[in-house]
Amino acid sequence: MIEFSIAEISKIVNGKLIGNVASRNLKITQIVSDSRTFFNPKNALFFALVGPINNGHSYVSDLIQKGINVFVVSEVSVTNKNAIFILVDNTTVALQKLATFNRQQYNYPVIGITGSNGKTIVKEWLHELLSSHFKIVRSPKSYNSQIGVPLSILLMNPTFNLGIFEAGISKPREMENLTEIISPEIGIFTNIGDAHQKNFNSVQQKIEEKLCLFKNSKKLIFNTDPEIVKTQIEKFCKTHSVKKISWSLKNENATIIFNTVIKNKFTEITANVAGKNFSFEIPFTDDSAIENSCHCFASAWVLLGDPKPVLPQFKKLGPVAMRLEIKQGINNCILVNDYYNSDLNSLTIALSVLHQQAAKEHLYKQVILSDIQQTGMPQADLYKRVNELLIEWKIDEIIGIGEEITNHSEQFSVKKNFYISLNEFENHFNRSDFKDAAILIKGARQFTFEKISDLLQQKAHQTVLEINLNALVHNLNTFRSLLKPETKIMVMVKAFSYGSGDVEIAKMLQYQNVDYLAVAVADEGVQLRNAGIQTPIIVMNPEQHSFQNIIDYQLEPNIYSLELLKNFLKTVSQNGVQEFPIHLKIDTGMNRLGLKSEAEIKKTVATILSNNWLKIKSVFSHLAASDDLGLDNFTQSQFEIFEEKSQIIFSSFSYKIDRHILNSAGIERFPEKQFEMVRLGIGLYGVSHTRLPLQNIGTLKSTISQVKKVQPNETIGYNRKGKIKRESEIAIVPLGYADGLDRKLGNEKGSAFIKGLRVPIIGNICMDMLMLDVTGLGIKPGGKVEFFGSNISILEVAQNASTIPYEILTGISQRVKRVYIQE
């Protein structure tokens, strides 16, 4: 926690104080850079950062209403008698200056980590290995960017005696900014890979740029085996007088020589350094884990001199959870699973996610928390701070599990229950204690809180559709980058958000400040409102029986005919409301819904003008072939018709009316026609028509139920379609056409991905299961199988089924459990 006065911060960032300068001596203890993730405005300072997508200055007014009164800005567009502004030229640079100043206040060792891969894992493993010897401050999650690094450094305070921070770059000259901010005494160069290579002239340039982080370091740890890395680092260390701590799995000239032996699921590693041998085990066998553990050993040797005390801890290392899981729980609960570590920084982040999930129907917030370990704080102060966080985030109840947290139960003022052990919790577990709640399950790895998740998770069969919310945000921002800053975005969440789960997707989109959501029918809109969604919602296919719900739940109908308009007007007038928002659809050639003739449009306008019951929010149309290059002439004609007929409407009203005609493919191919708003649909879910760098958001997974041997001339499945020509191993998977997998993918037209290989679907797909040929792969029951995702694209699946990605996504049955992943 920092503690600088407003006046001190202004001086540090070379700013000018404007506004309520009487508060200049107020101490700031909290830095906020995201208007959505703070909760307690007390002693908070907001940096109005300006990025390619969002401008933090747009949220200053809202934040003043929420209680924040201190801002670092590059423009003052809001006045308030209680607010104080620190005016600077560049708010990102100002944040970096403040972080640099904070770093300069502390002389304890700092480790800086960079490289293409493994930064976060090495950082987290070092934290686990060294926490019994040091009080460690480290980067939260993967905070390694131009913004993430300064936010991490601002966590440094006198209670710590070791810092571990990671730094990442995506283009030349970015590391220059981070070098002074982190100023590492010890450096770790993890490896070099292909990430962001397109932004660099060569691999050598990328290595050179990353090494800038260590130009003032005393020691640099690196793997000397890759020749290109060895050559450049040796030259760098000589130029900058940095001591080399090299390690190798094959080069006897390195500082540390490692030898490995793989045994079952463990790897035995022997290190020879300074004439001494040290042995340890890791519970992994893959090359990347071995490489990361070697970096960790070298770091422990550098810091401790004698690494023996930490060697037993290597066997306890586990996979680093880079993401949170959001699952549907029992009794209308939502579970936020983060049960791989437990510390104050990650708890704060997890509470932010919990707050986001606790929408209107989940008013009750519960936190299940283990002992918090390895903070270096006195226990009483630690749990007092935890209680403060719970109060700040308005948590209703804490369930503490562990001896330490139980012994400090008096520090908690919220509703509380404590258990000495997980076993005691399980013995007292009652399903009825958990209902209509958002529940954060957060614990250190050794507490095995996944058992609690199993108790609270709504049971479903073993097939799941895993939705990556981070990928969804990436795709949203990719499309935003094609738009003007002022262009609004409507996102289609109809049809269960293209099969991805409407409520969770809508929550994330609301969190990302999209301007509109669109549903097919009013019932979908009602469900979103009941889940706490406040973003404007347009109903694309309003039905007369749903008019009252549209009014009651503040939904906005698409008016596509004069008859529909008159019927809706009748309901509006009966409710006595005025200027109820509507949207007019023009048919420009698709010949579906829409006002087509000039006469019909003029009658519609006259009807609306005859009273003040309705107000037009937008006029729009639908492109028939925006993804088809061969039909671009027709698309251009649609644009012309749309502009001509929308002008008839605009000229009749004095207020501003938005226009939108572009869908996902249209945004990609015709950005000059974005008008005031665009509609984003399938593109959000990872489908591009121009090879945009979109990410897959959905992975359809299942689990093998049984594996059996089948002899030549036997057959598999209905109608004996799967013919066996050799002795084969057949895996049965609980996924069938009732789950939404197209039957046309059977008989080797479709495939699955397992153990790094594709295997064919053999025989006809059944209602509830299918069969895979897994001969020779050593597959056993319980193995995980992917049917589309990062290894098999949904485009490929659609092509194999002779359909389109829309049908594949929307066809996934709701009996398939949706699991939401968020970093």
# chains A, B, ... in the order shown; residues from 1 in each chain; ligands from 1

call {"tool": "residues_around", "arguments": {"residues": "Ile648 (chain A)", "least_positions_apart": "4", "cutoff": "12 Å", "atoms": "only C-alpha atoms", "output": "list in words"}}
result
Ile586, Ser597, Glu598, Ala599, Glu600, Ile601, Lys602, Lys603, Thr604, Val605, Ala606, Val619, Ile641, Phe642, Glu643, Glu644, Ser652, Phe653 and Ile657 of chain A

call {"tool": "residues_around", "arguments": {"residues": "region 752-765 of chain A", "least_positions_apart": "6", "cutoff": "6 Å", "atoms": "only C-alpha atoms", "output": "PyMOL selection string"}}
result
chain A and resi 716-717+721-722+736+743+746+771-773+785-787

call {"tool": "atom_distance", "arguments": {"atom1": "CA of Gln544 (chain A)", "atom2": "CA of Met490 (chain A)"}}
result
23.9 Å

call {"tool": "residues_around", "arguments": {"residues": "region 535-538 of chain A", "least_positions_apart": "5", "cutoff": "6 Å", "atoms": "only C-alpha atoms", "output": "PyMOL selection string"}}
result
chain A and resi 516-518+555-557

call {"tool": "residues_around", "arguments": {"residues": "His545 (chain A)", "least_positions_apart": "2", "cutoff": "12 Å", "atoms": "only C-alpha atoms", "output": "JSON, numbers by chain"}}
result
{"A": [521, 522, 523, 541, 542, 543, 547, 548, 549, 550, 551, 564, 567, 568, 571]}

call {"tool": "atom_distance", "arguments": {"atom1": "CA of Ala520 (chain A)", "atom2": "CA of Tyr737 (chain A)"}}
result
24.4 Å

call {"tool": "residues_around", "arguments": {"residues": "Ile221 (chain A)", "least_positions_apart": "6", "cutoff": "8 Å", "atoms": "only C-alpha atoms", "output": "list in words"}}
result
Ile186, Gly187, Ile188, Phe189, Lys244, Ile245, Ser246, Trp247, His295, Ala298 and Ser299 of chain A
